[in-house]
Amino acid sequence: MCGIVGYIGKRQAYPILIKGLQRLEYRGYDSAGIALIHNENLNVYKAKGKVADLVRFADQQDTQGTIGIAHTRWATHGEPNQVNAHPHFSQSEELALIHNGIIENYAVLKEGLTEQGYTFSSETDTEVLIQLIEYVKNSNKVDLTKAVQLALNQVVGAYAIAVIEKGQPDTIVAARKGSPLVVGIGKDEFFLASDASPIVEYTDQVVYVGEEEIVTMRRGKELKIKTISNVTKTPEIKKLEMTLTQLEKGGYPHFMLKEIFEQPKTLSDSMRGRVNVDENNITLSGFIDNKEKFLNAKRIIITACGTSWHAGLIGMYAIEEFARIPVEVEYSSEFRYRKPVINKDDIVIAISQSGETADTLAAVELAKSKGAFIFGICNVVGSSIPRNTHSGCYTHAGPEIGVASTKAFTAQVTVLTMLALMIGREKGTLTEDQYLRTVHELGKIPEKIKTILRQNDAIAQFAKTFTYAQNFIYMGRGYNFPVALEGALKLKEISYIHAEGYPAAEMKHGPIALINQEMPVVVIATSAGMYDKVVSNIQEIKARKGKIISIITEGDVVVKNLSDYTISIPDTEECLVPLLAVIPLQLMAYHIAVVKGCDVDQPRNLAKSVTVE
């Protein structure tokens with residue numbers, strides 16, 4: 001959710017902080033703010049709207065200073081406005097704080113502080129926290145680090161925070177629990193952010209702050225880390241793999257379009273060192289190191305949210321087909337609350353692009369407490385899910401800036417397919433012929449995606465026809481049912497058109513009542529799969545004058561003649577069709593949103609990394 005940035009060093013902080021906010025704006029863009037210490041003044045500037053609105057306001061103010069913190073907000077407590085924007089002052093205006101997360105017991109804390117004479121100007125839980133820190137600091141006569149530690153011991157909830165003090169212009173104190181935080185270490189300077197994207201331009205040396213850890217950054221001093229229970233920790237410095245080029249649009253009008261077009265490369269990166277087509281072999285060290293766990297598993301539970309949940313459904317089809325192990329796919333948000341039955345011989349696969357998804361992390365903790373083996377699949381190196389699972393696999397899709405996930409989805413499906421193939425081969429439930437054929441086809445997928453991307457202009461042209469639509473139906477069968485769900489989600493996310501995905505056979509059980517000449521219906525009708533059944537469904541739609549957009553296999557004339565519009569994709573193995581079929585659906589959603597004038601990369605009400613419930 002919200003993005004936080006901090007800097008302390010020899011440079012002017014303002015340009016570094018603003019650039020950092022712009023890199024993190026995908027995490028929230030309801031409001032933005034900045035706090036700087038200059039000439040013994042603690043200056044806080046805030047604005048409703050995006051970072052650009054903050055810049056227009058702050059450019060008229062004193063933005064000098066070599067220490068500062070900044071924030072871009074996705075609203076949880078309190079509507080998006082200037083008052084509720086971060087940073088928040090303490091009552092004395094001696095302290096300022098930024099916060100990503102939710103303080104669940106803020107109402108109780110607020111009541112106690114009110115009794116002590118504190119007043120509140122905003123509706124946020126964050127203002128309660130900074131007032132609490134000040135109260136603890138003054139009551140116990142301690143320094144800022146100790147005050148943060150004592151205050152956080154009273155807090156229930158999730159947080160990543162950074163605090164500065166007017167009288168301490170050489171210190172930033174930060175802490176995290178349940179929300180990500182990373183410190184960049186330069187020469188006599190520190191950088192702080194929700195993820196590494198604001199840091200990569202300045203240093204490749206980072207420390208990922210752990211759960212319930214407090215970091216103290218002092219000008220000219222070494223980084224200090226303590227836990228909220230007062231245990232001293234040694235900073236573990238890691239090298240960033242991210243590059244600055246990955247964070248730029250590279251000539252594309254939007255990050256989303258860039259990331260759609262990156263998929264041939266990102267899937268090659270996901271398979272590099274893992275798929276050897278010449279030797280017809282797949283190697284996943286996360287599986288090899290825990291092979292017996294997978295071979296002896298009685299059940300696999302996949303837990304995820306949103307797009308990652310759709311990838312998990314495809315993984316379920318592949319694992320059950322190839323490995324013959326029962327698989328359940330659970331929404332993480334429901335899994336943790338419905339008292340699930342989890343056994344010690346279960347494997348739980350947690351999927352998350354960011355590796356910080358709050359509900360998925362909670363599901364991981366629940367499954368671990370029941371003795372299950374946890375396997376993580378995520379994109380961000382050093383994030384919370386890799387640190388909290390027993391083993392796993394990175395997708396290596398690179399930074400995904402567009403809020404609507406594209407390349408992360410196909411990378412997740414690729415990893416799940418490789419995992420299913422390895423389990424099936426080791427168990428002997430997959431014939432050698434099918435294994436070799438699928439491995440060989442998997443290696444061809446990046447080049448086949450390139451041929452689909454060449455249809456971008458044609459898709460953009462016919463997408464203009466459907467900007468009038470208020471509803472869409474997406475349909476698929478087998479492996480393509482989750483693709484229908486994903487296609488519908490992409491359209492909802494960025495064009496604000498209501499869309500629903502269905503198994504094609506379910507159309508007769510209710511949705512067919514919606515079909516008329518104003519209803520566009522997207523059908524994934526490739527030759528691999530239940531082709532004849534899907535053709536029958538298309539005929540039923542056509543009889544009711546629905547507008548049919550079909551994803552077909554190259555050379556298919558039957559469905560083409562039944563459809564109003566078609567997009568062709570190369571032929572491949574049935575289990576790999578989702579990797580191809582989803583590409584035109586991503587492009588179609590993108591172009592409809594562009595024609596409608598929607599903010600494609602930052603759709604309303606959404607944020608990239610959902611780190612709160």
# chains A, B, ... in the order shown; residues from 1 in each chain; ligands from 1

call {"tool": "residues_around", "arguments": {"residues": "A:Cys305", "least_positions_apart": "6", "cutoff": "10 Å", "atoms": "only C-alpha atoms", "output": "MDAnalysis selection string"}}
result
chainID A and resid 311:312 330:334 350:353 357:360 610

call {"tool": "residues_around", "arguments": {"residues": "A:Phe481", "least_positions_apart": "6", "cutoff": "8 Å", "atoms": "only C-alpha atoms", "output": "PyMOL selection string"}}
result
chain A and resi 475+501-504

call {"tool": "write_last_selection", "arguments": {"atoms": "N, CA, C and O atoms", "output": "short mmCIF file (atom, residue, chain, number, x, y, z; two decimals), in the first residue's frame"}}
result
data_model
loop_
_atom_site.label_atom_id
_atom_site.label_comp_id
_atom_site.auth_asym_id
_atom_site.auth_seq_id
_atom_site.Cartn_x
_atom_site.Cartn_y
_atom_site.Cartn_z
N MET A 475 -15.18 -16.10 -21.07
CA MET A 475 -15.44 -17.53 -20.89
C MET A 475 -14.26 -18.37 -21.36
O MET A 475 -13.59 -18.05 -22.35
N GLY A 501 -15.78 -13.42 -15.31
CA GLY A 501 -15.27 -14.62 -15.98
C GLY A 501 -16.05 -15.84 -15.54
O GLY A 501 -16.41 -15.97 -14.37
N TYR A 502 -16.31 -16.75 -16.48
CA TYR A 502 -17.08 -17.96 -16.19
C TYR A 502 -16.45 -19.16 -16.89
O TYR A 502 -15.86 -19.02 -17.98
N PRO A 503 -16.63 -20.36 -16.32
CA PRO A 503 -16.41 -21.56 -17.13
C PRO A 503 -17.45 -21.56 -18.25
O PRO A 503 -18.65 -21.29 -17.98
N ALA A 504 -17.05 -21.81 -19.47
CA ALA A 504 -17.98 -21.66 -20.60
C ALA A 504 -19.25 -22.48 -20.43
O ALA A 504 -20.34 -22.03 -20.80
#

call {"tool": "closest_residue", "arguments": {"among": "A:Thr119, A:Tyr45, A:Ser383, A:Gln64", "to": "A:Val182", "atoms": "only C-alpha atoms"}}
result
A:Ser383

call {"tool": "closest_residue", "arguments": {"among": "A:Ala151, A:Val329, A:Ala404, A:Val209", "to": "A:Trp309", "atoms": "only C-alpha atoms"}}
result
A:Val329

call {"tool": "closest_residue", "arguments": {"among": "A:Met507, A:Val413, A:Ser563, A:Thr465", "to": "A:Cys575", "atoms": "only C-alpha atoms"}}
result
A:Val413

call {"tool": "closest_atom_pairs", "arguments": {"of": "stretch 388-439 of chain A", "to": "stretch 585-596 of chain A", "cutoff": "10 Å", "atoms": "only C-alpha atoms", "output": "CSV"}}
result
residue,atom,partner,partner_atom,distance
A:Ala404,CA,A:Gln586,CA,9.4
A:Ser405,CA,A:Gln586,CA,9.3
A:Thr406,CA,A:Gln586,CA,7.1
A:Lys407,CA,A:Gln586,CA,9.9

call {"tool": "residues_around", "arguments": {"residues": "stretch 487-489 of chain A", "least_positions_apart": "2", "cutoff": "7 Å", "atoms": "only C-alpha atoms", "output": "CSV table (one decimal) with N, CA, C and O atoms, in the first residue's frame"}}
result
chain,number,residue,atom,x,y,z
A,474,TYR,N,-16.4,-13.0,-19.9
A,474,TYR,CA,-15.3,-13.8,-20.4
A,474,TYR,C,-15.5,-15.2,-20.1
A,474,TYR,O,-16.0,-15.6,-19.0
A,483,VAL,N,-7.9,-18.1,-17.1
A,483,VAL,CA,-7.5,-17.0,-18.0
A,483,VAL,C,-8.7,-16.1,-18.2
A,483,VAL,O,-8.5,-14.9,-18.3
A,484,ALA,N,-9.9,-16.7,-18.3
A,484,ALA,CA,-11.1,-15.8,-18.4
A,484,ALA,C,-11.2,-14.9,-17.2
A,484,ALA,O,-11.6,-13.7,-17.3
A,485,LEU,N,-11.0,-15.5,-16.0
A,485,LEU,CA,-11.1,-14.7,-14.8
A,485,LEU,C,-10.1,-13.6,-14.8
A,485,LEU,O,-10.3,-12.5,-14.4
A,491,LEU,N,-9.7,-6.0,-17.2
A,491,LEU,CA,-10.6,-5.0,-17.7
A,491,LEU,C,-11.2,-4.2,-16.6
A,491,LEU,O,-11.3,-2.9,-16.7
A,492,LYS,N,-11.7,-4.8,-15.5
A,492,LYS,CA,-12.2,-4.1,-14.4
A,492,LYS,C,-11.2,-3.2,-13.7
A,492,LYS,O,-11.6,-2.0,-13.4
A,493,GLU,N,-10.0,-3.6,-13.6
A,493,GLU,CA,-9.0,-2.9,-12.8
A,493,GLU,C,-8.7,-1.5,-13.5
A,493,GLU,O,-8.6,-0.5,-12.9
A,499,ALA,N,-16.9,-6.6,-15.5
A,499,ALA,CA,-16.7,-7.8,-16.3
A,499,ALA,C,-16.6,-9.1,-15.4
A,499,ALA,O,-16.2,-9.0,-14.2
A,500,GLU,N,-17.1,-10.2,-15.9
A,500,GLU,CA,-17.1,-11.4,-15.1
A,500,GLU,C,-16.6,-12.6,-16.0
A,500,GLU,O,-16.8,-12.6,-17.2
A,501,GLY,N,-15.8,-13.4,-15.3
A,501,GLY,CA,-15.3,-14.6,-16.0
A,501,GLY,C,-16.0,-15.8,-15.5
A,501,GLY,O,-16.4,-16.0,-14.4
A,582,VAL,N,-3.5,-15.2,-22.5
A,582,VAL,CA,-3.7,-14.1,-21.7
A,582,VAL,C,-3.1,-12.8,-22.3
A,582,VAL,O,-3.6,-11.7,-22.0
A,585,LEU,N,-5.7,-10.6,-24.1
A,585,LEU,CA,-6.6,-10.1,-23.1
A,585,LEU,C,-6.0,-8.9,-22.4
A,585,LEU,O,-6.7,-7.9,-22.1
A,586,GLN,N,-4.7,-9.0,-22.1
A,586,GLN,CA,-4.0,-7.9,-21.4
A,586,GLN,C,-4.0,-6.6,-22.4
A,586,GLN,O,-4.3,-5.5,-21.9

call {"tool": "closest_residue", "arguments": {"among": "A:Leu223, A:Ile524, A:Val577, A:Ala175", "to": "A:Glu189", "atoms": "only C-alpha atoms"}}
result
A:Leu223

call {"tool": "select_by_dssp", "arguments": {"residues": "stretch 227-404 of chain A", "states": "alpha helix (DSSP H)", "output": "number ranges by chain"}}
result
A: 255-261, 263-271, 285-288, 291-295, 306-323, 332-335, 358-369, 384-388

call {"tool": "atom_distance", "arguments": {"atom1": "atom CA of A:Ile538", "atom2": "atom CA of A:Leu580"}}
result
20.5 Å

call {"tool": "select_by_dssp", "arguments": {"residues": "stretch 215-297 of chain A", "states": "strand (DSSP E or B)", "output": "ChimeraX atom specification"}}
result
/A:215-218,224-227,232-233,238-239,275-276,281-282

call {"tool": "write_last_selection", "arguments": {"atoms": "all heavy atoms", "output": "tab-separated table (two decimals), in the first residue's frame"}}
result
chain	number	residue	atom	x	y	z
A	215	VAL	N	15.39	0.43	13.25
A	215	VAL	CA	16.69	0.86	12.73
A	215	VAL	C	16.91	2.32	13.06
A	215	VAL	O	15.99	3.14	12.96
A	215	VAL	CB	16.82	0.62	11.21
A	215	VAL	CG1	16.76	-0.85	10.88
A	215	VAL	CG2	15.76	1.37	10.43
A	216	THR	N	18.12	2.64	13.47
A	216	THR	CA	18.50	4.02	13.74
A	216	THR	C	19.59	4.42	12.77
A	216	THR	O	20.67	3.81	12.74
A	216	THR	CB	19.00	4.19	15.19
A	216	THR	OG1	17.97	3.75	16.09
A	216	THR	CG2	19.32	5.64	15.48
A	217	MET	N	19.28	5.43	11.94
A	217	MET	CA	20.23	5.95	10.96
A	217	MET	C	20.74	7.29	11.47
A	217	MET	O	19.96	8.25	11.59
A	217	MET	CB	19.54	6.12	9.60
A	217	MET	CG	19.16	4.81	8.94
A	217	MET	SD	17.81	5.00	7.74
A	217	MET	CE	16.40	4.95	8.83
A	218	ARG	N	22.03	7.37	11.79
A	218	ARG	CA	22.64	8.60	12.28
A	218	ARG	C	23.71	9.06	11.30
A	218	ARG	O	24.52	8.26	10.83
A	218	ARG	CB	23.25	8.40	13.67
A	218	ARG	CG	22.22	8.24	14.77
A	218	ARG	CD	22.85	8.40	16.15
A	218	ARG	NE	21.83	8.37	17.20
A	218	ARG	CZ	21.46	7.27	17.86
A	218	ARG	NH1	22.03	6.12	17.58
A	218	ARG	NH2	20.52	7.34	18.80
A	224	LYS	N	22.29	1.05	13.12
A	224	LYS	CA	22.02	0.30	14.34
A	224	LYS	C	20.63	-0.34	14.23
A	224	LYS	O	19.68	0.30	13.80
A	224	LYS	CB	22.06	1.21	15.57
A	224	LYS	CG	23.39	1.91	15.80
A	224	LYS	CD	24.50	0.91	16.14
A	224	LYS	CE	25.80	1.63	16.47
A	224	LYS	NZ	26.91	0.66	16.75
A	225	ILE	N	20.54	-1.61	14.68
A	225	ILE	CA	19.26	-2.32	14.65
A	225	ILE	C	19.00	-2.95	16.00
A	225	ILE	O	19.88	-3.62	16.57
A	225	ILE	CB	19.24	-3.42	13.56
A	225	ILE	CG1	19.50	-2.83	12.17
A	225	ILE	CG2	17.90	-4.16	13.57
A	225	ILE	CD1	19.51	-3.86	11.07
A	226	LYS	N	17.79	-2.73	16.52
A	226	LYS	CA	17.32	-3.42	17.73
A	226	LYS	C	15.91	-3.91	17.47
A	226	LYS	O	15.18	-3.33	16.65
A	226	LYS	CB	17.32	-2.48	18.94
A	226	LYS	CG	18.68	-2.28	19.58
A	226	LYS	CD	18.54	-1.59	20.93
A	226	LYS	CE	19.89	-1.53	21.64
A	226	LYS	NZ	19.77	-0.95	22.99
A	227	THR	N	15.51	-4.94	18.18
A	227	THR	CA	14.12	-5.38	18.11
A	227	THR	C	13.30	-4.59	19.12
A	227	THR	O	13.84	-3.94	20.01
A	227	THR	CB	13.99	-6.88	18.42
A	227	THR	OG1	14.31	-7.09	19.81
A	227	THR	CG2	14.93	-7.70	17.55
A	232	THR	N	19.75	-6.52	20.34
A	232	THR	CA	20.59	-5.91	19.30
A	232	THR	C	20.83	-6.90	18.16
A	232	THR	O	21.14	-8.06	18.39
A	232	THR	CB	21.94	-5.46	19.89
A	232	THR	OG1	21.67	-4.50	20.93
A	232	THR	CG2	22.82	-4.83	18.83
A	233	LYS	N	20.70	-6.42	16.92
A	233	LYS	CA	20.91	-7.26	15.74
A	233	LYS	C	22.05	-6.68	14.90
A	233	LYS	O	22.26	-5.47	14.87
A	233	LYS	CB	19.63	-7.33	14.89
A	233	LYS	CG	18.39	-7.79	15.64
A	233	LYS	CD	18.44	-9.26	15.98
A	233	LYS	CE	18.21	-10.18	14.81
A	233	LYS	NZ	16.84	-10.16	14.32
A	238	LYS	N	22.96	-6.77	1.84
A	238	LYS	CA	22.79	-7.56	0.61
A	238	LYS	C	22.99	-6.65	-0.60
A	238	LYS	O	22.84	-5.42	-0.51
A	238	LYS	CB	21.41	-8.20	0.58
A	238	LYS	CG	21.18	-9.23	1.68
A	238	LYS	CD	19.83	-9.90	1.53
A	238	LYS	CE	19.63	-10.96	2.61
A	238	LYS	NZ	20.53	-12.11	2.43
A	239	LYS	N	23.30	-7.29	-1.73
A	239	LYS	CA	23.49	-6.53	-2.96
A	239	LYS	C	22.22	-6.55	-3.79
A	239	LYS	O	21.64	-7.62	-4.03
A	239	LYS	CB	24.66	-7.09	-3.77
A	239	LYS	CG	24.97	-6.27	-5.02
A	239	LYS	CD	26.24	-6.73	-5.71
A	239	LYS	CE	26.54	-5.86	-6.92
A	239	LYS	NZ	27.79	-6.25	-7.61
A	275	VAL	N	15.29	-24.35	-17.24
A	275	VAL	CA	14.81	-25.18	-18.36
A	275	VAL	C	15.95	-25.35	-19.35
A	275	VAL	O	16.43	-24.37	-19.92
A	275	VAL	CB	13.59	-24.54	-19.04
A	275	VAL	CG1	13.17	-25.36	-20.25
A	275	VAL	CG2	12.43	-24.40	-18.06
A	276	ASN	N	16.38	-26.57	-19.56
A	276	ASN	CA	17.40	-26.90	-20.54
A	276	ASN	C	16.73	-27.68	-21.65
A	276	ASN	O	16.51	-28.88	-21.54
A	276	ASN	CB	18.52	-27.72	-19.89
A	276	ASN	CG	19.70	-27.93	-20.84
A	276	ASN	OD1	19.52	-28.06	-22.04
A	276	ASN	ND2	20.90	-27.96	-20.28
A	281	ASN	N	15.30	-30.95	-19.89
A	281	ASN	CA	15.33	-31.11	-18.44
A	281	ASN	C	14.92	-29.81	-17.76
A	281	ASN	O	15.14	-28.72	-18.27
A	281	ASN	CB	16.74	-31.49	-17.99
A	281	ASN	CG	16.77	-31.97	-16.56
A	281	ASN	OD1	15.84	-32.62	-16.10
A	281	ASN	ND2	17.83	-31.64	-15.85
A	282	ILE	N	14.29	-29.94	-16.57
A	282	ILE	CA	13.95	-28.80	-15.73
A	282	ILE	C	14.63	-28.98	-14.38
A	282	ILE	O	14.63	-30.08	-13.83
A	282	ILE	CB	12.43	-28.67	-15.52
A	282	ILE	CG1	11.74	-28.34	-16.85
A	282	ILE	CG2	12.11	-27.59	-14.49
A	282	ILE	CD1	10.24	-28.30	-16.74

call {"tool": "closest_residue", "arguments": {"among": "A:Ala196, A:Glu94, A:Lys265, A:Thr303", "to": "A:Phe335", "atoms": "only C-alpha atoms"}}
result
A:Thr303

call {"tool": "residues_around", "arguments": {"residues": "A:Tyr435", "least_positions_apart": "6", "cutoff": "9 Å", "atoms": "only C-alpha atoms", "output": "ChimeraX atom specification"}}
result
/A:280-281,322,421-422,424-425

call {"tool": "write_last_selection", "arguments": {"atoms": "all heavy atoms", "output": "tab-separated table (two decimals), in the first residue's frame"}}
result
chain	number	residue	atom	x	y	z
A	280	ASN	N	16.42	-31.49	-22.50
A	280	ASN	CA	15.04	-31.81	-22.13
A	280	ASN	C	14.90	-31.99	-20.61
A	280	ASN	O	14.41	-33.02	-20.14
A	280	ASN	CB	14.56	-33.07	-22.86
A	280	ASN	CG	14.49	-32.86	-24.36
A	280	ASN	OD1	13.90	-31.89	-24.82
A	280	ASN	ND2	15.12	-33.74	-25.12
A	281	ASN	N	15.30	-30.95	-19.89
A	281	ASN	CA	15.33	-31.11	-18.44
A	281	ASN	C	14.92	-29.81	-17.76
A	281	ASN	O	15.14	-28.72	-18.27
A	281	ASN	CB	16.74	-31.49	-17.99
A	281	ASN	CG	16.77	-31.97	-16.56
A	281	ASN	OD1	15.84	-32.62	-16.10
A	281	ASN	ND2	17.83	-31.64	-15.85
A	322	PHE	N	-0.41	-33.62	-13.87
A	322	PHE	CA	0.91	-34.23	-14.02
A	322	PHE	C	1.33	-35.05	-12.80
A	322	PHE	O	1.98	-36.09	-12.95
A	322	PHE	CB	1.97	-33.14	-14.26
A	322	PHE	CG	1.76	-32.35	-15.53
A	322	PHE	CD1	2.26	-31.06	-15.64
A	322	PHE	CD2	1.07	-32.89	-16.60
A	322	PHE	CE1	2.08	-30.33	-16.80
A	322	PHE	CE2	0.88	-32.16	-17.77
A	322	PHE	CZ	1.38	-30.88	-17.86
A	421	LEU	N	5.69	-30.18	-13.58
A	421	LEU	CA	6.41	-31.12	-14.44
A	421	LEU	C	7.46	-31.90	-13.64
A	421	LEU	O	7.62	-33.12	-13.82
A	421	LEU	CB	7.07	-30.38	-15.60
A	421	LEU	CG	6.12	-29.87	-16.70
A	421	LEU	CD1	6.82	-28.86	-17.59
A	421	LEU	CD2	5.58	-31.04	-17.54
A	422	MET	N	8.17	-31.22	-12.77
A	422	MET	CA	9.20	-31.90	-11.98
A	422	MET	C	8.59	-32.91	-11.01
A	422	MET	O	9.08	-34.04	-10.87
A	422	MET	CB	10.04	-30.88	-11.20
A	422	MET	CG	10.98	-30.06	-12.05
A	422	MET	SD	12.25	-29.24	-11.06
A	422	MET	CE	13.32	-30.61	-10.64
A	424	GLY	N	5.68	-34.42	-11.30
A	424	GLY	CA	5.12	-35.52	-12.08
A	424	GLY	C	6.16	-36.49	-12.59
A	424	GLY	O	5.97	-37.71	-12.55
A	425	ARG	N	7.29	-35.95	-13.03
A	425	ARG	CA	8.35	-36.84	-13.53
A	425	ARG	C	8.93	-37.68	-12.40
A	425	ARG	O	9.15	-38.89	-12.57
A	425	ARG	CB	9.45	-36.01	-14.18
A	425	ARG	CG	10.46	-36.88	-14.93
A	425	ARG	CD	11.62	-36.07	-15.46
A	425	ARG	NE	12.23	-36.70	-16.61
A	425	ARG	CZ	13.37	-36.29	-17.16
A	425	ARG	NH1	14.00	-35.24	-16.67
A	425	ARG	NH2	13.87	-36.92	-18.21

call {"tool": "residues_around", "arguments": {"residues": "A:Val341", "least_positions_apart": "3", "cutoff": "12 Å", "atoms": "only C-alpha atoms", "output": "list in words"}}
result
Arg299, Ile301, Glu328, Phe335, Arg336, Tyr337, Arg338, Lys344, Asp345, Asp346, Val348, Leu366, Ala367, Lys370, Gly371 and Ala372 of chain A

call {"tool": "closest_residue", "arguments": {"among": "A:Ile423, A:Leu95, A:Ile260, A:Ala70", "to": "A:Lys291", "atoms": "only C-alpha atoms"}}
result
A:Ile423
